[in-house]
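What follows is the content of work.cif (mmCIF, C-alpha atoms).
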```cif
data_work
loop_
_atom_site.label_atom_id
_atom_site.label_comp_id
_atom_site.auth_asym_id
_atom_site.auth_seq_id
_atom_site.Cartn_x
_atom_site.Cartn_y
_atom_site.Cartn_z
CA MET A 1 -177.39 -84.34 -90.01
CA LEU A 2 -173.69 -84.90 -89.34
CA GLN A 3 -172.70 -82.26 -91.89
CA GLN A 4 -171.25 -79.36 -89.86
CA THR A 5 -172.78 -80.82 -86.67
CA GLN A 6 -171.27 -82.97 -83.91
CA VAL A 7 -172.51 -86.51 -83.19
CA VAL A 8 -173.56 -85.67 -79.63
CA SER A 9 -175.89 -82.96 -80.96
CA VAL A 10 -177.25 -85.11 -83.77
CA LEU A 11 -178.22 -88.33 -81.95
CA PRO A 12 -181.48 -87.17 -80.28
CA TYR A 13 -182.64 -85.51 -83.52
CA TYR A 14 -181.73 -88.62 -85.53
CA LYS A 15 -183.83 -90.89 -83.31
CA LYS A 16 -186.83 -88.56 -83.38
CA TRP A 17 -186.49 -88.12 -87.15
CA LEU A 18 -186.58 -91.87 -87.79
CA LEU A 19 -189.64 -92.26 -85.58
CA ARG A 20 -191.41 -89.52 -87.53
CA PHE A 21 -190.08 -90.47 -91.00
CA PRO A 22 -189.10 -94.18 -90.89
CA THR A 23 -188.91 -94.51 -94.69
CA PHE A 24 -188.24 -92.40 -97.76
CA ALA A 25 -191.92 -92.76 -98.63
CA ALA A 26 -192.96 -91.34 -95.25
CA LEU A 27 -190.71 -88.32 -95.71
CA ALA A 28 -191.83 -87.85 -99.32
CA ARG A 29 -195.50 -87.82 -98.24
CA SER A 30 -194.83 -85.09 -95.69
CA SER A 31 -194.70 -81.39 -96.46
CA GLU A 32 -191.53 -79.33 -96.45
CA THR A 33 -192.95 -77.48 -93.44
CA GLU A 34 -193.19 -80.75 -91.49
CA ALA A 35 -189.61 -81.62 -92.41
CA LEU A 36 -188.36 -78.19 -91.30
CA HIS A 37 -190.29 -78.48 -88.03
CA ALA A 38 -188.66 -81.85 -87.28
CA TRP A 39 -185.25 -80.37 -88.13
CA GLN A 40 -185.50 -77.16 -86.10
CA GLY A 41 -182.64 -76.72 -83.66
CA LEU A 42 -180.06 -78.39 -85.91
CA GLY A 43 -179.49 -75.31 -88.09
CA TYR A 44 -178.33 -75.22 -91.73
CA TYR A 45 -181.94 -75.77 -92.80
CA ALA A 46 -181.07 -76.24 -96.46
CA ARG A 47 -180.08 -79.76 -95.40
CA ALA A 48 -183.67 -80.53 -94.36
CA ARG A 49 -185.07 -79.09 -97.60
CA ASN A 50 -182.57 -81.13 -99.61
CA LEU A 51 -183.35 -84.31 -97.67
CA HIS A 52 -187.06 -83.80 -98.25
CA ALA A 53 -186.48 -83.23 -101.99
CA THR A 54 -184.19 -86.27 -102.14
CA ALA A 55 -186.86 -88.49 -100.56
CA LYS A 56 -189.33 -87.42 -103.25
CA MET A 57 -186.82 -88.20 -106.02
CA ILE A 58 -186.03 -91.63 -104.56
CA VAL A 59 -189.73 -92.50 -104.41
CA ASP A 60 -190.49 -91.11 -107.88
CA GLN A 61 -187.38 -92.24 -109.75
CA TYR A 62 -186.02 -95.23 -107.82
CA ARG A 63 -189.19 -96.84 -106.41
CA GLY A 64 -188.21 -95.98 -102.87
CA ARG A 65 -184.77 -97.65 -102.92
CA PHE A 66 -181.63 -95.56 -102.54
CA PRO A 67 -179.29 -95.94 -105.56
CA ALA A 68 -175.97 -97.67 -104.96
CA GLU A 69 -174.09 -95.88 -107.77
CA ILE A 70 -172.11 -92.82 -106.71
CA ALA A 71 -172.90 -91.00 -109.97
CA LYS A 72 -176.62 -91.33 -109.26
CA MET A 73 -176.20 -90.31 -105.61
CA GLU A 74 -174.46 -87.07 -106.59
CA LYS A 75 -177.49 -86.06 -108.66
CA LEU A 76 -179.68 -86.07 -105.54
CA PRO A 77 -180.23 -82.69 -103.79
CA GLY A 78 -177.63 -81.90 -101.14
CA ILE A 79 -175.39 -84.90 -101.82
CA GLY A 80 -171.88 -83.98 -102.86
CA LYS A 81 -168.74 -86.02 -103.30
CA TYR A 82 -168.02 -86.71 -99.62
CA THR A 83 -171.59 -87.65 -98.70
CA ALA A 84 -171.91 -89.90 -101.74
CA HIS A 85 -168.65 -91.67 -100.92
CA ALA A 86 -169.63 -92.01 -97.25
CA ILE A 87 -172.96 -93.60 -98.21
CA ALA A 88 -171.22 -95.87 -100.72
CA THR A 89 -168.72 -97.19 -98.19
CA PHE A 90 -170.90 -97.39 -95.06
CA ALA A 91 -174.22 -98.44 -96.62
CA PHE A 92 -172.91 -100.53 -99.52
CA ASP A 93 -169.35 -101.41 -98.34
CA GLN A 94 -167.81 -100.14 -101.56
CA ALA A 95 -164.03 -99.70 -101.73
CA VAL A 96 -164.05 -95.92 -102.11
CA PRO A 97 -162.18 -93.20 -100.18
CA ILE A 98 -163.77 -90.60 -97.93
CA VAL A 99 -162.42 -87.18 -97.08
CA GLU A 100 -163.95 -85.09 -94.28
CA ALA A 101 -162.54 -83.09 -91.34
CA ASN A 102 -161.08 -86.02 -89.40
CA THR A 103 -159.72 -88.02 -92.30
CA ALA A 104 -158.36 -84.87 -93.96
CA ARG A 105 -156.33 -84.16 -90.83
CA VAL A 106 -154.98 -87.73 -90.70
CA LEU A 107 -154.09 -87.79 -94.39
CA SER A 108 -152.46 -84.36 -94.39
CA ARG A 109 -150.16 -85.48 -91.57
CA LEU A 110 -149.45 -88.96 -92.90
CA PHE A 111 -148.37 -87.52 -96.26
CA ASN A 112 -147.04 -84.20 -94.87
CA LEU A 113 -149.29 -82.21 -97.20
CA ARG A 114 -148.04 -78.61 -97.34
CA THR A 115 -150.98 -77.27 -99.35
CA PRO A 116 -154.07 -75.71 -97.70
CA ILE A 117 -156.67 -78.48 -97.49
CA ASP A 118 -159.51 -76.03 -98.17
CA SER A 119 -158.06 -75.14 -101.57
CA THR A 120 -158.89 -76.90 -104.83
CA ARG A 121 -155.36 -78.25 -105.12
CA GLY A 122 -155.36 -79.41 -101.50
CA GLN A 123 -158.70 -81.19 -101.86
CA ARG A 124 -157.50 -82.94 -105.01
CA SER A 125 -154.37 -84.13 -103.21
CA LEU A 126 -156.36 -85.42 -100.23
CA TRP A 127 -158.73 -87.43 -102.43
CA ASN A 128 -155.79 -88.87 -104.35
CA TYR A 129 -154.00 -89.86 -101.14
CA ALA A 130 -157.18 -91.36 -99.71
CA ALA A 131 -157.79 -93.39 -102.87
CA SER A 132 -154.23 -94.71 -102.87
CA ILE A 133 -154.58 -96.47 -99.49
CA VAL A 134 -158.20 -97.59 -99.29
CA PRO A 135 -158.37 -101.43 -99.23
CA LYS A 136 -160.37 -103.44 -101.74
CA LYS A 137 -162.09 -105.44 -98.99
CA ALA A 138 -163.78 -104.35 -95.75
CA ALA A 139 -163.60 -100.69 -96.84
CA ALA A 140 -166.39 -99.71 -94.44
CA ILE A 141 -164.40 -100.98 -91.44
CA TYR A 142 -161.24 -99.31 -92.71
CA ASN A 143 -162.92 -95.94 -93.31
CA SER A 144 -164.62 -96.12 -89.92
CA GLY A 145 -161.23 -96.74 -88.33
CA LEU A 146 -159.74 -93.80 -90.21
CA LEU A 147 -162.53 -91.56 -88.89
CA ASP A 148 -161.96 -92.76 -85.33
CA LEU A 149 -158.21 -92.28 -85.68
CA GLY A 150 -158.78 -88.62 -86.46
CA ALA A 151 -161.46 -88.15 -83.80
CA LEU A 152 -159.64 -89.87 -80.93
CA VAL A 153 -155.88 -89.87 -81.63
CA CYS A 154 -154.86 -87.53 -84.45
CA LEU A 155 -156.44 -84.55 -82.72
CA PRO A 156 -156.42 -80.96 -84.03
CA ARG A 157 -154.36 -79.86 -81.04
CA ASN A 158 -151.92 -81.99 -79.07
CA PRO A 159 -152.27 -85.14 -81.18
CA LYS A 160 -151.56 -88.37 -79.27
CA CYS A 161 -148.63 -89.40 -81.46
CA SER A 162 -147.16 -91.68 -78.79
CA VAL A 163 -150.12 -94.07 -79.03
CA CYS A 164 -150.86 -93.65 -82.74
CA PRO A 165 -151.01 -97.07 -84.44
CA VAL A 166 -149.73 -95.66 -87.75
CA ARG A 167 -147.02 -93.34 -86.44
CA ILE A 168 -144.25 -95.26 -88.23
CA PHE A 169 -145.83 -94.26 -91.53
CA CYS A 170 -146.37 -90.61 -90.63
CA ARG A 171 -144.20 -88.15 -92.56
CA ALA A 172 -145.20 -85.04 -90.58
CA LYS A 173 -142.29 -83.53 -88.66
CA ASN A 174 -144.58 -81.09 -86.83
CA PRO A 175 -148.10 -82.58 -86.73
CA ASP A 176 -149.50 -79.62 -84.79
CA ALA A 177 -148.78 -77.36 -87.78
CA LEU A 178 -150.95 -79.49 -90.07
CA PRO A 179 -153.32 -79.41 -91.78
CA MET A 180 -152.69 -76.06 -93.43
CA LYS A 181 -155.70 -73.89 -94.20
CA ARG A 182 -156.31 -70.63 -96.00
CA ALA A 183 -156.85 -67.50 -93.92
CA ARG A 184 -160.41 -67.26 -92.67
CA PRO A 185 -162.57 -64.45 -94.05
CA GLN A 186 -163.16 -61.59 -91.67
CA VAL A 187 -166.31 -61.97 -89.58
CA LYS A 188 -169.00 -59.55 -90.75
CA ARG A 189 -171.27 -58.01 -88.14
CA LEU A 190 -174.91 -57.41 -88.97
CA VAL A 191 -177.87 -56.01 -87.04
CA GLU A 192 -181.30 -57.36 -87.90
CA LYS A 193 -184.41 -55.64 -86.55
CA HIS A 194 -187.71 -57.47 -86.15
CA GLY A 195 -191.02 -56.54 -84.55
CA LEU A 196 -193.23 -58.16 -81.92
CA SER A 197 -196.88 -57.52 -82.74
CA MET A 198 -199.63 -58.92 -80.52
CA SER A 199 -203.39 -59.23 -81.03
CA GLY A 200 -204.79 -60.46 -77.77
CA SER A 201 -202.81 -63.65 -77.10
CA LYS A 202 -201.78 -64.11 -80.73
CA VAL A 203 -198.39 -63.30 -82.25
CA LEU A 204 -197.76 -62.07 -85.79
CA LEU A 205 -195.17 -64.03 -87.77
CA GLU A 206 -194.02 -63.99 -91.36
CA LYS A 207 -192.67 -66.73 -93.58
CA SER A 208 -189.02 -66.18 -94.38
CA LEU A 209 -188.04 -65.92 -98.02
CA GLY A 210 -184.33 -65.61 -97.31
CA ARG A 211 -181.91 -67.33 -94.96
CA TRP A 212 -184.59 -69.45 -93.28
CA ARG A 213 -186.78 -70.01 -96.31
CA GLY A 214 -189.98 -71.82 -95.41
CA MET A 215 -189.72 -71.11 -91.67
CA TRP A 216 -191.66 -68.61 -89.57
CA ILE A 217 -189.90 -65.61 -88.07
CA LEU A 218 -190.80 -62.35 -86.36
CA PRO A 219 -191.69 -59.79 -89.06
CA ARG A 220 -188.88 -57.63 -90.32
CA LEU A 221 -189.27 -54.04 -89.25
CA ASN A 222 -190.06 -51.35 -91.77
CA GLY A 223 -189.79 -48.48 -89.31
CA ASN A 224 -193.24 -48.70 -87.67
CA SER A 225 -191.99 -49.64 -84.18
CA LYS A 226 -192.95 -47.96 -80.94
CA GLY A 227 -190.01 -46.17 -79.42
CA SER A 228 -186.37 -46.66 -80.28
CA HIS A 229 -185.35 -49.18 -77.63
CA ALA A 230 -185.24 -52.89 -78.33
CA ILE A 231 -187.18 -55.07 -75.90
CA TYR A 232 -184.99 -58.05 -76.75
CA ARG A 233 -181.43 -58.36 -78.01
CA ALA A 234 -179.29 -61.43 -78.70
CA ALA A 235 -176.33 -62.35 -80.89
CA PHE A 236 -175.74 -65.54 -82.84
CA PRO A 237 -173.22 -66.73 -85.46
CA PHE A 238 -174.16 -67.65 -89.01
CA THR A 239 -171.36 -68.88 -91.31
CA ASN A 240 -168.91 -65.95 -91.40
CA HIS A 241 -171.36 -63.47 -89.86
CA GLN A 242 -172.05 -62.38 -86.30
CA ILE A 243 -175.67 -61.30 -86.22
CA THR A 244 -177.34 -59.19 -83.55
CA LEU A 245 -181.08 -59.75 -83.40
CA LYS A 246 -183.05 -56.80 -82.05
CA VAL A 247 -186.77 -57.05 -81.38
CA HIS A 248 -188.93 -53.94 -80.96
CA ARG A 249 -192.59 -53.55 -80.12
CA ALA A 250 -194.45 -53.04 -83.37
CA GLN A 251 -197.91 -51.75 -84.19
CA CYS A 252 -199.61 -53.76 -86.92
CA ASP A 253 -202.47 -52.09 -88.77
CA LYS A 254 -202.48 -54.39 -91.80
CA ILE A 255 -200.78 -57.70 -92.55
CA ASP A 256 -199.49 -59.20 -95.77
CA VAL A 257 -201.86 -62.14 -96.19
CA HIS A 258 -199.42 -63.89 -98.53
CA THR A 259 -196.51 -64.07 -96.10
CA GLN A 260 -197.86 -63.18 -92.62
CA ARG A 261 -200.19 -64.92 -90.16
CA TRP A 262 -201.39 -64.60 -86.58
CA PHE A 263 -200.49 -67.61 -84.38
CA SER A 264 -201.80 -68.56 -80.96
CA LYS A 265 -199.21 -69.35 -78.29
CA ARG A 266 -200.16 -73.02 -78.46
CA ALA A 267 -199.68 -73.15 -82.23
CA LEU A 268 -196.14 -71.78 -81.99
CA ASN A 269 -194.82 -75.18 -80.95
CA GLN A 270 -196.25 -76.80 -84.08
CA ILE A 271 -194.56 -74.64 -86.71
CA PRO A 272 -190.94 -74.54 -87.94
CA MET A 273 -189.06 -71.60 -86.51
CA PRO A 274 -185.29 -70.85 -86.38
CA SER A 275 -183.82 -71.10 -82.90
CA PRO A 276 -182.85 -67.40 -82.52
CA HIS A 277 -186.44 -66.30 -83.17
CA ARG A 278 -187.96 -69.04 -81.02
CA ARG A 279 -185.69 -68.06 -78.13
CA ALA A 280 -186.72 -64.42 -78.58
CA ILE A 281 -190.44 -65.21 -78.60
CA ASN A 282 -190.18 -67.52 -75.61
CA ALA A 283 -188.29 -64.90 -73.64
CA LEU A 284 -190.73 -62.11 -74.52
CA LEU A 285 -193.93 -64.09 -73.97
CA ASN A 286 -192.72 -65.52 -70.67
#
```

Serialized structure, structure tokens:
Amino acid sequence: MLQQTQVVSVLPYYKKWLLRFPTFAALARSSETEALHAWQGLGYYARARNLHATAKMIVDQYRGRFPAEIAKMEKLPGIGKYTAHAIATFAFDQAVPIVEANTARVLSRLFNLRTPIDSTRGQRSLWNYAASIVPKKAAAIYNSGLLDLGALVCLPRNPKCSVCPVRIFCRAKNPDALPMKRARPQVKRLVEKHGLSMSGSKVLLEKSLGRWRGMWILPRLNGNSKGSHAIYRAAFPFTNHQITLKVHRAQCDKIDVHTQRWFSKRALNQIPMPSPHRRAINALLN
């Protein structure tokens, strides 16, 4: 949950998730739809699908116990090098380095790294630096301290160098200029048109096969909308895209029984739905 998401946003979801899925077995027994529904609002839904698939693998292959070996962790869906190392150090207190946004900033300044940290060469340097200073004992405490150092002192802007406990080791002459990063890709603007079809008090939705695979969204428009004016419009970011969602009134004569279903207003709260579409439906129905 903490991948690409701040702690303050994660905490309420984390508590609810553990109440709903207290063990790997509980998550493995659930459907992907249930997992997506519990995750909705956090975004980056591939994480929920990966977590659900990982729970099934742990139950099937490891008898419900998470493996302690990094090589085995990295074979689980959605677990890359950083996540595996973070689990190894915080769950198993292994003496391994971790590199994420906060620690990358600290390390790039301590070692005055002049290579973009989001490049292959920069990432390799960061991991090498991190490995060179991780202690053999109490690695979990050390790595936690390194994270806090980046979050509270070695800030992205206006770092608090005067109170930094490791400032005598820092090689950066201009900390504000580090870390270096490659130029960001230009934001692409997209317009996505969807339709609101009603049958009495029921709403027509379709199961997404793309960006929000497995979640329910307003049906994509194929040109059979009444009038040319949108009855709802909102913009939201998605990776390097700025997407404008437009909803039109739509006449539905026939539905695709494989991907579309009518839902009562009460049932809408029980199904997984991406936040932009849920906000649109709530605004239009209210």

Long-range neighbours of segment 77-91 of chain A as a PyMOL selection string, 10 Å cut-off, all atoms listed in the file, 2 positions minimum in chain: chain A and resi 2-3+46-55+57+66-75+93-100+127+138-144

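Evaluated against the shown file, the PyMOL selection byres ((chain A and resi 244-246) around 8) gives Arg189, Leu190, Val191, Glu192, Lys193, His194, Ala230, Ile231, Tyr232, Arg233, Ala234, Ala235, Phe236, Gln242, Ile243, Val247, His248 and Pro276 of chain A.
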
Atom CA of Phe111 of chain A to atom CA of Gly145 of chain A, straight-line distance in Å: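 Value for the atom CA of Gly145 of chain A-atom CA of Phe111 of chain A distance: 17.7 Å.
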
All residues 10 Å or closer to Phe263 of chain A, only C-alpha atoms, same chain fewer than 4 positions away omitted, as a PyMOL selection string: chain A and resi 198-199+201-205+267-268+271

For C-alpha atoms, I'd like the residues from the last selection saved as a PDB file, in the coordinates of the input.
```pdb
ATOM      1  CA  MET A 198    -199.630 -58.920 -80.520  1.00  0.00           C
ATOM      2  CA  SER A 199    -203.390 -59.230 -81.030  1.00  0.00           C
ATOM      3  CA  SER A 201    -202.810 -63.650 -77.100  1.00  0.00           C
ATOM      4  CA  LYS A 202    -201.780 -64.110 -80.730  1.00  0.00           C
ATOM      5  CA  VAL A 203    -198.390 -63.300 -82.250  1.00  0.00           C
ATOM      6  CA  LEU A 204    -197.760 -62.070 -85.790  1.00  0.00           C
ATOM      7  CA  LEU A 205    -195.170 -64.030 -87.770  1.00  0.00           C
ATOM      8  CA  ALA A 267    -199.680 -73.150 -82.230  1.00  0.00           C
ATOM      9  CA  LEU A 268    -196.140 -71.780 -81.990  1.00  0.00           C
ATOM     10  CA  ILE A 271    -194.560 -74.640 -86.710  1.00  0.00           C
TER      11      ILE A 271
END
```

Long-range neighbours of segment 212-217 of chain A as a list in words, 8 Å cut-off, only C-alpha atoms, 2 positions minimum in chain: Glu32, Thr33, Leu36, Tyr45, Leu205, Glu206, Lys207, Ser208, Leu209, Gly210, Pro219, Ile271, Pro272, Met273, Pro274 and His277 of chain A

Ground truth for the PyMOL selection byres ((chain A and resi 156) around 10), written as a list of chain:residue names: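 Applied to this file, the PyMOL selection byres ((chain A and resi 156) around 10) returns A:Ala101, A:Asn102, A:Arg105, A:Val106, A:Gly150, A:Ala151, A:Leu152, A:Val153, A:Cys154, A:Leu155, A:Arg157, A:Asn158, A:Pro159, A:Pro175, A:Asp176, A:Ala177, A:Leu178, A:Pro179.
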
Counting only C-alpha atoms, the residue of A:Leu285, A:Ile58, A:Ala250, A:Leu107 that sits nearest Arg171 of chain A: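 Looking at the shortest contact to Arg171 of chain A, the residue is A:Leu107.
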
Coordinates-based distance that separates atom CA of Asp148 of chain A from atom CA of Gln6 of chain A (Å, one decimal):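 Atom CA of Asp148 of chain A lies at a distance of 13.6 Å from atom CA of Gln6 of chain A.
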
Two-atom distance - atom CA of Gln4 of chain A, atom CA of Trp39 of chain A (Å):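 Between atom CA of Gln4 of chain A and atom CA of Trp39 of chain A the gap works out to 14.1 Å.
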
Nearest residue to Leu19 of chain A from the set A:Gly122, A:Ala38, A:Thr5, A:Asn222 (distances using only C-alpha atoms):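 Going through A:Gly122, A:Ala38, A:Thr5, A:Asn222 one by one, the smallest distance to Leu19 of chain A is for A:Ala38.
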
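With the shown file loaded, the PyMOL selection byres ((chain A and resi 117) around 7) picks out Thr115, Pro116, Asp118, Ser119, Gly122, Gln123, Pro179, Met180 and Lys181 of chain A.
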
With C-alpha atoms retained, export the selected residues as a PDB file, in the coordinates of the input.
```
ATOM      1  CA  THR A 115    -150.980 -77.270 -99.350  1.00  0.00           C
ATOM      2  CA  PRO A 116    -154.070 -75.710 -97.700  1.00  0.00           C
ATOM      3  CA  ASP A 118    -159.510 -76.030 -98.170  1.00  0.00           C
ATOM      4  CA  SER A 119    -158.060 -75.140-101.570  1.00  0.00           C
ATOM      5  CA  GLY A 122    -155.360 -79.410-101.500  1.00  0.00           C
ATOM      6  CA  GLN A 123    -158.700 -81.190-101.860  1.00  0.00           C
ATOM      7  CA  PRO A 179    -153.320 -79.410 -91.780  1.00  0.00           C
ATOM      8  CA  MET A 180    -152.690 -76.060 -93.430  1.00  0.00           C
ATOM      9  CA  LYS A 181    -155.700 -73.890 -94.200  1.00  0.00           C
TER      10      LYS A 181
END
```

With the input short on atoms, add N, CA, C and O atoms back to segment 20-41 of chain A and write it as a PDB file, in the frame of the given file.
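Listed below is the output, out-v7.pdb:
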```pdb
ATOM      1  N   ARG A  20    -190.431 -90.315 -86.786  1.00  0.00           N
ATOM      2  CA  ARG A  20    -191.410 -89.520 -87.530  1.00  0.00           C
ATOM      3  C   ARG A  20    -191.410 -89.882 -89.013  1.00  0.00           C
ATOM      4  O   ARG A  20    -192.462 -89.922 -89.657  1.00  0.00           O
ATOM      5  N   PHE A  21    -190.213 -90.137 -89.565  1.00  0.00           N
ATOM      6  CA  PHE A  21    -190.080 -90.470 -91.000  1.00  0.00           C
ATOM      7  C   PHE A  21    -189.264 -91.757 -91.128  1.00  0.00           C
ATOM      8  O   PHE A  21    -188.079 -91.709 -91.460  1.00  0.00           O
ATOM      9  N   PRO A  22    -189.863 -92.923 -90.877  1.00  0.00           N
ATOM     10  CA  PRO A  22    -189.100 -94.180 -90.890  1.00  0.00           C
ATOM     11  C   PRO A  22    -188.655 -94.641 -92.266  1.00  0.00           C
ATOM     12  O   PRO A  22    -187.750 -95.466 -92.378  1.00  0.00           O
ATOM     13  N   THR A  23    -189.261 -94.110 -93.326  1.00  0.00           N
ATOM     14  CA  THR A  23    -188.910 -94.510 -94.690  1.00  0.00           C
ATOM     15  C   THR A  23    -188.839 -93.287 -95.593  1.00  0.00           C
ATOM     16  O   THR A  23    -189.318 -92.202 -95.247  1.00  0.00           O
ATOM     17  N   PHE A  24    -188.259 -93.480 -96.782  1.00  0.00           N
ATOM     18  CA  PHE A  24    -188.240 -92.400 -97.760  1.00  0.00           C
ATOM     19  C   PHE A  24    -189.662 -92.020 -98.153  1.00  0.00           C
ATOM     20  O   PHE A  24    -189.970 -90.849 -98.362  1.00  0.00           O
ATOM     21  N   ALA A  25    -190.528 -93.018 -98.246  1.00  0.00           N
ATOM     22  CA  ALA A  25    -191.920 -92.760 -98.630  1.00  0.00           C
ATOM     23  C   ALA A  25    -192.609 -91.880 -97.592  1.00  0.00           C
ATOM     24  O   ALA A  25    -193.374 -90.975 -97.938  1.00  0.00           O
ATOM     25  N   ALA A  26    -192.338 -92.139 -96.307  1.00  0.00           N
ATOM     26  CA  ALA A  26    -192.960 -91.340 -95.250  1.00  0.00           C
ATOM     27  C   ALA A  26    -192.508 -89.893 -95.325  1.00  0.00           C
ATOM     28  O   ALA A  26    -193.313 -88.963 -95.150  1.00  0.00           O
ATOM     29  N   LEU A  27    -191.228 -89.691 -95.597  1.00  0.00           N
ATOM     30  CA  LEU A  27    -190.710 -88.320 -95.710  1.00  0.00           C
ATOM     31  C   LEU A  27    -191.255 -87.659 -96.977  1.00  0.00           C
ATOM     32  O   LEU A  27    -191.610 -86.480 -96.963  1.00  0.00           O
ATOM     33  N   ALA A  28    -191.334 -88.409 -98.061  1.00  0.00           N
ATOM     34  CA  ALA A  28    -191.830 -87.850 -99.320  1.00  0.00           C
ATOM     35  C   ALA A  28    -193.291 -87.430 -99.209  1.00  0.00           C
ATOM     36  O   ALA A  28    -193.717 -86.461 -99.841  1.00  0.00           O
ATOM     37  N   ARG A  29    -194.082 -88.160 -98.403  1.00  0.00           N
ATOM     38  CA  ARG A  29    -195.500 -87.820 -98.240  1.00  0.00           C
ATOM     39  C   ARG A  29    -195.700 -86.579 -97.381  1.00  0.00           C
ATOM     40  O   ARG A  29    -196.734 -85.925 -97.446  1.00  0.00           O
ATOM     41  N   SER A  30    -194.717 -86.248 -96.570  1.00  0.00           N
ATOM     42  CA  SER A  30    -194.830 -85.090 -95.690  1.00  0.00           C
ATOM     43  C   SER A  30    -194.622 -83.802 -96.472  1.00  0.00           C
ATOM     44  O   SER A  30    -194.146 -83.812 -97.607  1.00  0.00           O
ATOM     45  N   SER A  31    -194.958 -82.694 -95.848  1.00  0.00           N
ATOM     46  CA  SER A  31    -194.700 -81.390 -96.460  1.00  0.00           C
ATOM     47  C   SER A  31    -193.321 -80.895 -96.063  1.00  0.00           C
ATOM     48  O   SER A  31    -192.721 -81.383 -95.099  1.00  0.00           O
ATOM     49  N   GLU A  32    -192.823 -79.917 -96.806  1.00  0.00           N
ATOM     50  CA  GLU A  32    -191.530 -79.330 -96.450  1.00  0.00           C
ATOM     51  C   GLU A  32    -191.615 -78.670 -95.077  1.00  0.00           C
ATOM     52  O   GLU A  32    -190.645 -78.699 -94.305  1.00  0.00           O
ATOM     53  N   THR A  33    -192.768 -78.105 -94.752  1.00  0.00           N
ATOM     54  CA  THR A  33    -192.950 -77.480 -93.440  1.00  0.00           C
ATOM     55  C   THR A  33    -192.794 -78.503 -92.322  1.00  0.00           C
ATOM     56  O   THR A  33    -192.164 -78.214 -91.293  1.00  0.00           O
ATOM     57  N   GLU A  34    -193.335 -79.705 -92.501  1.00  0.00           N
ATOM     58  CA  GLU A  34    -193.190 -80.750 -91.490  1.00  0.00           C
ATOM     59  C   GLU A  34    -191.725 -81.164 -91.333  1.00  0.00           C
ATOM     60  O   GLU A  34    -191.253 -81.407 -90.220  1.00  0.00           O
ATOM     61  N   ALA A  35    -191.021 -81.254 -92.460  1.00  0.00           N
ATOM     62  CA  ALA A  35    -189.610 -81.620 -92.410  1.00  0.00           C
ATOM     63  C   ALA A  35    -188.802 -80.546 -91.679  1.00  0.00           C
ATOM     64  O   ALA A  35    -187.939 -80.859 -90.845  1.00  0.00           O
ATOM     65  N   LEU A  36    -189.072 -79.287 -91.968  1.00  0.00           N
ATOM     66  CA  LEU A  36    -188.360 -78.190 -91.300  1.00  0.00           C
ATOM     67  C   LEU A  36    -188.671 -78.173 -89.809  1.00  0.00           C
ATOM     68  O   LEU A  36    -187.798 -77.894 -88.983  1.00  0.00           O
ATOM     69  N   HIS A  37    -189.911 -78.465 -89.443  1.00  0.00           N
ATOM     70  CA  HIS A  37    -190.290 -78.480 -88.030  1.00  0.00           C
ATOM     71  C   HIS A  37    -189.532 -79.579 -87.285  1.00  0.00           C
ATOM     72  O   HIS A  37    -189.067 -79.378 -86.155  1.00  0.00           O
ATOM     73  N   ALA A  38    -189.386 -80.746 -87.910  1.00  0.00           N
ATOM     74  CA  ALA A  38    -188.660 -81.850 -87.280  1.00  0.00           C
ATOM     75  C   ALA A  38    -187.174 -81.551 -87.182  1.00  0.00           C
ATOM     76  O   ALA A  38    -186.482 -82.083 -86.309  1.00  0.00           O
ATOM     77  N   TRP A  39    -186.682 -80.686 -88.067  1.00  0.00           N
ATOM     78  CA  TRP A  39    -185.250 -80.370 -88.130  1.00  0.00           C
ATOM     79  C   TRP A  39    -184.867 -79.210 -87.210  1.00  0.00           C
ATOM     80  O   TRP A  39    -183.705 -79.062 -86.872  1.00  0.00           O
ATOM     81  N   GLN A  40    -185.831 -78.409 -86.786  1.00  0.00           N
ATOM     82  CA  GLN A  40    -185.500 -77.160 -86.100  1.00  0.00           C
ATOM     83  C   GLN A  40    -184.637 -77.414 -84.867  1.00  0.00           C
ATOM     84  O   GLN A  40    -184.876 -78.332 -84.093  1.00  0.00           O
ATOM     85  N   GLY A  41    -183.616 -76.570 -84.729  1.00  0.00           N
ATOM     86  CA  GLY A  41    -182.640 -76.720 -83.660  1.00  0.00           C
ATOM     87  C   GLY A  41    -181.302 -77.216 -84.180  1.00  0.00           C
ATOM     88  O   GLY A  41    -180.262 -76.975 -83.557  1.00  0.00           O
TER      89      GLY A  41
END
```
